[in-house]
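Undergrad: Pasting in a structure now, in structure tokens, and then I'll have a few things to ask.
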Amino acid sequence: MSNASSIRCLITAGPTREFIDPVRFISNPSTGKMGFALAEAALEAGWTVDLVAGPVALEEPNGAILYPVVTAEEMFHQVDALFDACDVLIMTAAVSDFRPKTQHAQKEKKADATMTVEFEPTTDILKTITERKVHQTVVGFAAETKDLAAYAKEKLKSKNLDWIVANDVSQAGAGFASDTNEVLLIAADGSFLQLGPSDKKDIAVELISLIVPEKP
């Protein structure tokens, strides 16, 4: 078993925002609760924690190094800068898949605004980062509304993950903003484990104990 105090963990949490103009953006309902719970559990396990968080209204975990970001591109650059030094990456954040192709410098007035917004994809952080994975254990998250296991396994393989944590966000008590969760943890070897329904803090402790990497 590895020495817990020598494990450096990089965690992403919360949503990102992609701006149409200075006062309008697209985002998602993520609150960051699961990511912050994982940061606290990792700290309690004796790990060093770098926490890259989108816009959230949560108290910073005592002992974590917090890196606030807003957009998907900002999150990508921060994760990119911290990845090589980490032993574990837990990508809990709900990163926007698309952003407006044009971001207006000034607020668009309602009378003049276009009713059609053209989008372009954001950087796929997990896929890009894992292309240079060497010793790191990488854990992804999948928020789905149907075919949970099938989509999670597809993401696990296509993004070269060691683990994926999947949950059905359409179910009460297991989605965004909830204090509880129910997840399916799937390993790269195909083994899986159902966790919850339980408090997100309890699930976070279980996840940290299960994904602990082996270090020489």
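Residues are referred to by chain and number: the chain letter is A, B, ... according to the order shown in the structure tokens, the number counts from 1 in that chain, and ligands are numbered separately from 1 in the order shown.
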Show which residues sit within 10 Å of Ala57 (chain A), as a list in words. Count only C-alpha atoms, and ignore same-chain residues fewer than 4 positions away.
TA: Gly14, Thr31, Gly32 and Lys33 of chain A
Undergrad: Step one, run DSSP on the backbone; step two, keep only residues of region 49-164 of chain A assigned to strand (DSSP E or B); then write them as a ChimeraX atom specification.
TA: /A:49-53,65-68,88-91,94,98-100,119-121,137-144,163-164
Undergrad: Looking only at the backbone, which of the residues in region 152-205 of chain A does DSSP tag as helix (DSSP H, G or I), as an NGL selection string?
TA: :A and (152-158 or 200-205)
Undergrad: Emit the selected residues as a compact mmCIF listing (two decimals), in the first residue's frame, including C-alpha atoms.
TA:
```
# COMPACT_ATOMS: atom_id res chain seq x y z
CA ALA A 152 -19.94 4.96 -18.50
CA LYS A 153 -18.01 1.99 -19.91
CA GLU A 154 -17.73 3.75 -23.27
CA LYS A 155 -16.31 6.87 -21.59
CA LEU A 156 -13.97 4.78 -19.44
CA LYS A 157 -12.42 3.20 -22.53
CA SER A 158 -12.42 6.17 -24.91
CA LYS A 200 -22.10 12.49 -0.64
CA LYS A 201 -19.52 12.81 2.14
CA ASP A 202 -19.82 9.11 2.98
CA ILE A 203 -19.56 8.13 -0.69
CA ALA A 204 -16.50 10.37 -1.04
CA VAL A 205 -14.74 8.57 1.82
```
Undergrad: Name all residues at most 6 Å from region 5-12 of chain A (count only C-alpha atoms; drop same-chain ones fewer than 3 positions away) and give them as a PDB file with C-alpha atoms, in the first residue's frame.
TA:
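Contents of result-v7.pdb, as written:
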```
ATOM      1  CA  GLY A  46      -3.563  12.405   4.463  1.00  0.00           C
ATOM      2  CA  TRP A  47      -3.317  13.298   0.778  1.00  0.00           C
ATOM      3  CA  THR A  48      -2.164  16.634  -0.604  1.00  0.00           C
ATOM      4  CA  VAL A  49      -5.053  18.190  -2.552  1.00  0.00           C
ATOM      5  CA  ASP A  50      -5.113  20.667  -5.436  1.00  0.00           C
ATOM      6  CA  LEU A  51      -8.730  21.676  -6.060  1.00  0.00           C
ATOM      7  CA  VAL A  52      -9.692  23.321  -9.356  1.00  0.00           C
ATOM      8  CA  ALA A  53     -13.220  24.650  -8.941  1.00  0.00           C
ATOM      9  CA  CYS A  86      -0.190  14.682  -9.346  1.00  0.00           C
ATOM     10  CA  ASP A  87      -0.602  10.992  -8.545  1.00  0.00           C
ATOM     11  CA  VAL A  88      -4.394  10.984  -8.817  1.00  0.00           C
ATOM     12  CA  LEU A  89      -6.710  13.085 -10.991  1.00  0.00           C
ATOM     13  CA  ILE A  90     -10.393  13.003 -10.039  1.00  0.00           C
ATOM     14  CA  MET A  91     -12.374  14.846 -12.687  1.00  0.00           C
ATOM     15  CA  THR A  92     -15.645  15.568 -10.891  1.00  0.00           C
ATOM     16  CA  ALA A  93     -16.389  18.875 -12.607  1.00  0.00           C
TER      17      ALA A  93
END
```
Undergrad: Out of A:Phe36, A:Tyr151, A:Phe25, A:Phe141, which residue has the shortest atom-to-atom distance to Ala94 (chain A) when counting only C-alpha atoms?
TA: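 The answer is A:Phe141, which sits nearest to Ala94 (chain A).
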Undergrad: Hey, can you check how far CA of Val95 (chain A) sits from CA of Ala39 (chain A)?
TA: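 Going from CA of Val95 (chain A) over to CA of Ala39 (chain A) covers 17.8 Å.
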Undergrad: Find, counting only C-alpha atoms, the residue in A:Leu82, A:Ala13, A:Val23, A:Val169 that gets nearest to Gly54 (chain A).
TA: A:Ala13
Undergrad: What does the distance between CA of Val183 (chain A) and CA of Phe98 (chain A) come to in Å, to one decimal place?
TA: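 According to the coordinates, CA of Val183 (chain A) and CA of Phe98 (chain A) are separated by 25.5 Å.
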Undergrad: At a cut-off of 12 Å, using only C-alpha atoms, what residues contact Ala150 (chain A)? Leave out same-chain residues fewer than 4 positions from it and give the result as a list in words.
TA: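 Neighbouring residues, sequence-local ones excluded: Ala142, Glu144, Thr145, Lys146, Glu154, Lys155, Leu156, Lys157, Ile164, Ala166, Asn167, Leu184, Ile186 and Gly190 of chain A.
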Undergrad: Near Val70 (chain A), counting only C-alpha atoms, which residues have an atom at most 7 Å away, once you skip same-chain residues fewer than 6 positions from it, shown as a PyMOL selection string?
TA: chain A and resi 16-17+54-55
Undergrad: Keeping only C-alpha atoms, write the selected residues as a tab-separated table (two decimals), in the first residue's frame.
TA:
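Produced file result_37.tsv, reproduced below:
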```tsv
chain	number	residue	atom	x	y	z
A	16	THR	CA	-18.06	25.94	-15.93
A	17	ARG	CA	-19.65	28.96	-17.59
A	54	GLY	CA	-15.67	26.39	-11.22
A	55	PRO	CA	-18.15	28.96	-9.83
```
Undergrad: Any idea what the distance is between CA of Trp163 (chain A) and CA of Glu120 (chain A)?
TA: 28.3 Å
Undergrad: Between A:Thr122, A:Ser198, A:Gln78, A:Gln106, which is the closest to Glu18 (chain A) once you count only C-alpha atoms?
TA: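 Ranked by minimum distance to Glu18 (chain A), first place goes to A:Thr122.
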Undergrad: Which residue out of A:Phe83, A:Phe176, A:Tyr67, A:Phe192 has the minimum interatomic distance to Ile125 (chain A) when only C-alpha atoms are used?
TA: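 Of the candidates, the smallest distance to Ile125 (chain A) is held by A:Phe83.
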Undergrad: Hey, what's within 10 Å of Ser96 (chain A) if we count only C-alpha atoms and toss same-chain stuff fewer than 4 positions away? As a ChimeraX atom specification, please?
TA: /A:15-18,26-28,71-73,121-124
Undergrad: Dump C-alpha atoms for the selected residues as a JSON list (two decimals), in the first residue's frame?
TA:
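What landed in result_29.json:
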```json
[["chain", "number", "residue", "atom", "x", "y", "z"],
["A", 15, "PRO", "CA", -19.69, 23.78, -13.30],
["A", 16, "THR", "CA", -18.06, 25.94, -15.93],
["A", 17, "ARG", "CA", -19.65, 28.96, -17.59],
["A", 18, "GLU", "CA", -19.42, 29.79, -21.29],
["A", 26, "ILE", "CA", -24.64, 28.73, -20.62],
["A", 27, "SER", "CA", -23.85, 26.36, -17.77],
["A", 28, "ASN", "CA", -25.31, 23.42, -15.85],
["A", 71, "THR", "CA", -14.69, 28.69, -18.20],
["A", 72, "ALA", "CA", -13.84, 25.24, -19.58],
["A", 73, "GLU", "CA", -10.72, 26.66, -21.20],
["A", 121, "PRO", "CA", -16.82, 22.34, -28.79],
["A", 122, "THR", "CA", -14.68, 23.08, -25.75],
["A", 123, "THR", "CA", -11.44, 21.21, -25.08],
["A", 124, "ASP", "CA", -12.07, 17.63, -23.94]]
```
Undergrad: Within 12 Å of Thr116 (chain A), counting only C-alpha atoms, which residues show up once you throw out same-chain ones fewer than 3 positions away? Write them as a PyMOL selection string, please.
TA: chain A and resi 20+100-102+113+119
